[in-house]
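Visitor: Please read through the structure below; I'll follow up with questions.
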Amino acid sequence: METKPKKLTGKYLNDLWGVGAKHALYREDGKWYHQLTEFPGALFDANGYVVFETERDYWESPYLQIQQDLHISDGISSMPNYIRVTEKGHLQAFSNKIKETAEDSAKYQTGKSKDQEPRALKAPIANDMPEDNQETERVLSQSYRILRDTKVSRWVKYVHGYKCQLCGDTIKLNNGEFYAEAHHIQPLGKRHNGPDIVENVICVCPKHHVLLDYGVIYLDKSQLIMISGHDISDVYIAYHNTKIFGQS
Ligand SMILES: [Zn+2]
């Protein structure tokens, strides 16, 4: 028998994944919900979510069967705007782990109260980079791309308390916040097409981030600092070691 998290709610996932919806509903199978009444609104299932920016987007969606309640025959994961956050089955582990980790992080962040979660600097540079053809900008986006702060990235950094999974270091900023970076082991973007899922992401310090990006170091999973609830897939590690390591 599987143990289910005690309280998995839309509100909880909305906060955990930084979705920012005003109304958030959760159903494990993603098929039946009450009506969304505030917008942006989001529907969550065990592995991801869909967002409706406006009431009109919601009522006009061809994927929703809106009656007294809301029904999606094949579940929200069948919808084109579904955002997958985790691979199947990982959410329960996340959910069980997250409180424990939040406490660890709070302990680590001395001088701050327990319910203040540590937060890293936002890294908007990556998002603002133009994707055009100028040589200089292409070089820059290649080095900034990796700092794209996706929800998955934020979660991974958060659960690791902003400590590098290779060396255990973190950077404490003057304002008391911690800084770390998230590395997509099989990189995002056209050339590598790595997925933005937690199994492909590790929390790293800037130095190790550069060493990984440039293929200077080999990734040995047994040497990584791991926590339960955040698995890293061997597939992506193998990708790094065969396609990125030693290539620059
Ligand atoms: Zn490091």
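Following the order of the structure tokens, first chain is A, next is B, and so on, with residues numbered from 1 inside each chain and ligands from 1 in the order they appear.
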Go through the chains and note each residue within 7 Å of ligand 1, using only C-alpha atoms and all ligand atoms, then give the set as a PyMOL selection string.

Guide: chain A and resi 164-169+204-208

Visitor: List as a tab-separated table (two decimals) with C-alpha atoms, in the first residue's frame the protein and nucleic acid residues near stretch 44-58 of chain A, meaning an atom at most 8 Å away when only C-alpha atoms are counted, but skip any in the same chain fewer than 2 places from it.

Guide:
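Output (out.tsv):
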chain	number	residue	atom	x	y	z
A	10	GLY	CA	-3.82	23.01	-4.75
A	13	LEU	CA	1.43	23.02	-4.80
A	21	ALA	CA	-2.61	31.36	-9.11
A	24	ALA	CA	-5.72	26.48	-7.03
A	25	LEU	CA	-7.38	23.07	-7.05
A	26	TYR	CA	-5.79	19.64	-6.72
A	27	ARG	CA	-6.94	16.23	-7.90
A	28	GLU	CA	-4.46	13.39	-8.01
A	29	ASP	CA	-5.77	12.01	-11.33
A	30	GLY	CA	-6.43	15.43	-12.85
A	37	THR	CA	-13.76	30.98	-9.55
A	38	GLU	CA	-10.76	33.30	-9.36
A	39	PHE	CA	-8.17	33.99	-12.02
A	40	PRO	CA	-5.45	33.35	-12.80
A	41	GLY	CA	-6.59	29.93	-11.67
A	42	ALA	CA	-4.76	26.62	-11.79
A	60	GLU	CA	-13.71	28.77	-23.61
A	61	SER	CA	-11.23	25.92	-23.18
A	64	LEU	CA	-12.84	21.22	-20.11
A	76	ILE	CA	-5.28	17.75	-17.29
A	77	SER	CA	-2.00	16.10	-18.29
A	79	MET	CA	-3.98	19.31	-22.27
A	81	ASN	CA	-0.74	23.80	-21.87
A	82	TYR	CA	-0.06	21.24	-19.13
A	83	ILE	CA	3.20	21.92	-17.33
A	84	ARG	CA	4.88	18.81	-16.02
A	85	VAL	CA	6.89	19.41	-12.89
A	86	THR	CA	7.75	15.90	-11.78
A	87	GLU	CA	7.93	12.45	-13.19
A	88	LYS	CA	5.21	10.14	-12.05
A	89	GLY	CA	5.40	9.08	-8.47
A	90	HIS	CA	7.89	11.65	-7.26
A	91	LEU	CA	5.46	14.11	-5.84

Visitor: Given only C-alpha atoms, how would the per-residue table for stretch 136-204 of chain A near stretch 231-243 of chain A read, listing every residue at most 8 Å away with its closest atom pair and distance in Å to one decimal, sorted by chain and number, as JSON lines?

Guide:
{"residue": "A:Ile185", "atom": "CA", "partner": "A:Tyr236", "partner_atom": "CA", "distance": 5.9}
{"residue": "A:Gln186", "atom": "CA", "partner": "A:Tyr236", "partner_atom": "CA", "distance": 5.4}
{"residue": "A:Val198", "atom": "CA", "partner": "A:Ile232", "partner_atom": "CA", "distance": 7.3}
{"residue": "A:Glu199", "atom": "CA", "partner": "A:Ile232", "partner_atom": "CA", "distance": 4.2}
{"residue": "A:Asn200", "atom": "CA", "partner": "A:Tyr236", "partner_atom": "CA", "distance": 6.0}
{"residue": "A:Val201", "atom": "CA", "partner": "A:Ile232", "partner_atom": "CA", "distance": 7.2}
{"residue": "A:Ile202", "atom": "CA", "partner": "A:Ile232", "partner_atom": "CA", "distance": 7.8}

Visitor: Looking only at alpha helix (DSSP H) from DSSP on the backbone, list the matching residues of stretch 2-68 of chain A as a list in words.

Guide: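 Assigned to alpha helix (DSSP H), within stretch 2-68 of chain A: Gly10, Lys11, Tyr12, Leu13, Asn14, Asp15, Leu16, Glu55, Arg56, Asp57, Tyr58 and Trp59 of chain A.
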
Visitor: Within 8 Å of A:Ala182, counting only C-alpha atoms, which residues show up once you throw out same-chain ones fewer than 3 positions away? Write them as number ranges by chain, please.

Guide: A: 146-147, 149, 153-154, 156-157, 201-204, 209

Visitor: Restricting it to N, CA and C atoms, dump the selection as a CSV table (one decimal), in the first residue's frame.

Guide:
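Below you can see out.csv, which holds the result:
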chain,number,residue,atom,x,y,z
A,146,ILE,N,21.8,28.8,-18.8
A,146,ILE,CA,21.8,27.8,-17.7
A,146,ILE,C,21.3,28.4,-16.4
A,147,LEU,N,21.2,29.7,-16.3
A,147,LEU,CA,20.7,30.3,-15.1
A,147,LEU,C,19.2,30.5,-15.2
A,149,ASP,N,15.8,30.5,-14.3
A,149,ASP,CA,15.3,30.1,-13.0
A,149,ASP,C,13.9,29.5,-13.2
A,153,SER,N,13.9,24.5,-11.1
A,153,SER,CA,15.2,25.0,-10.6
A,153,SER,C,15.1,25.5,-9.2
A,154,ARG,N,14.0,26.3,-9.0
A,154,ARG,CA,13.8,26.9,-7.6
A,154,ARG,C,13.6,25.9,-6.6
A,156,VAL,N,14.6,22.7,-6.6
A,156,VAL,CA,15.8,21.9,-6.4
A,156,VAL,C,16.7,22.7,-5.4
A,157,LYS,N,16.9,24.0,-5.7
A,157,LYS,CA,17.8,24.8,-4.9
A,157,LYS,C,17.3,24.9,-3.5
A,201,VAL,N,18.0,17.9,-12.8
A,201,VAL,CA,18.6,19.2,-12.2
A,201,VAL,C,19.3,18.9,-10.9
A,202,ILE,N,20.5,19.5,-10.8
A,202,ILE,CA,21.2,19.5,-9.5
A,202,ILE,C,21.5,20.9,-9.1
A,203,CYS,N,21.6,21.1,-7.7
A,203,CYS,CA,21.9,22.4,-7.1
A,203,CYS,C,23.4,22.5,-7.0
A,204,VAL,N,24.0,23.6,-7.6
A,204,VAL,CA,25.4,23.7,-7.6
A,204,VAL,C,25.9,25.1,-7.3
A,209,HIS,N,29.1,24.9,-11.5
A,209,HIS,CA,28.2,25.1,-12.6
A,209,HIS,C,29.0,25.3,-13.9

Visitor: Quick one: of A:Asp15, A:Asn193, A:Thr150, A:His71, who's nearest to A:Glu181, counting only C-alpha atoms?

Guide: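 Ranked by minimum distance to A:Glu181, first place goes to A:Thr150.
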
Visitor: Work out how far atom CA of A:Phe178 is from atom CA of A:Gly161, in Å to one decimal.

Guide: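 Between atom CA of A:Gly161 and atom CA of A:Phe178 the gap works out to 8.2 Å.
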
Visitor: In Å, with one decimal, what is the gap from atom CA of A:Asp196 to atom CA of A:Lys151?

Guide: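 Computed distance, atom CA of A:Asp196 to atom CA of A:Lys151, equals 8.9 Å.
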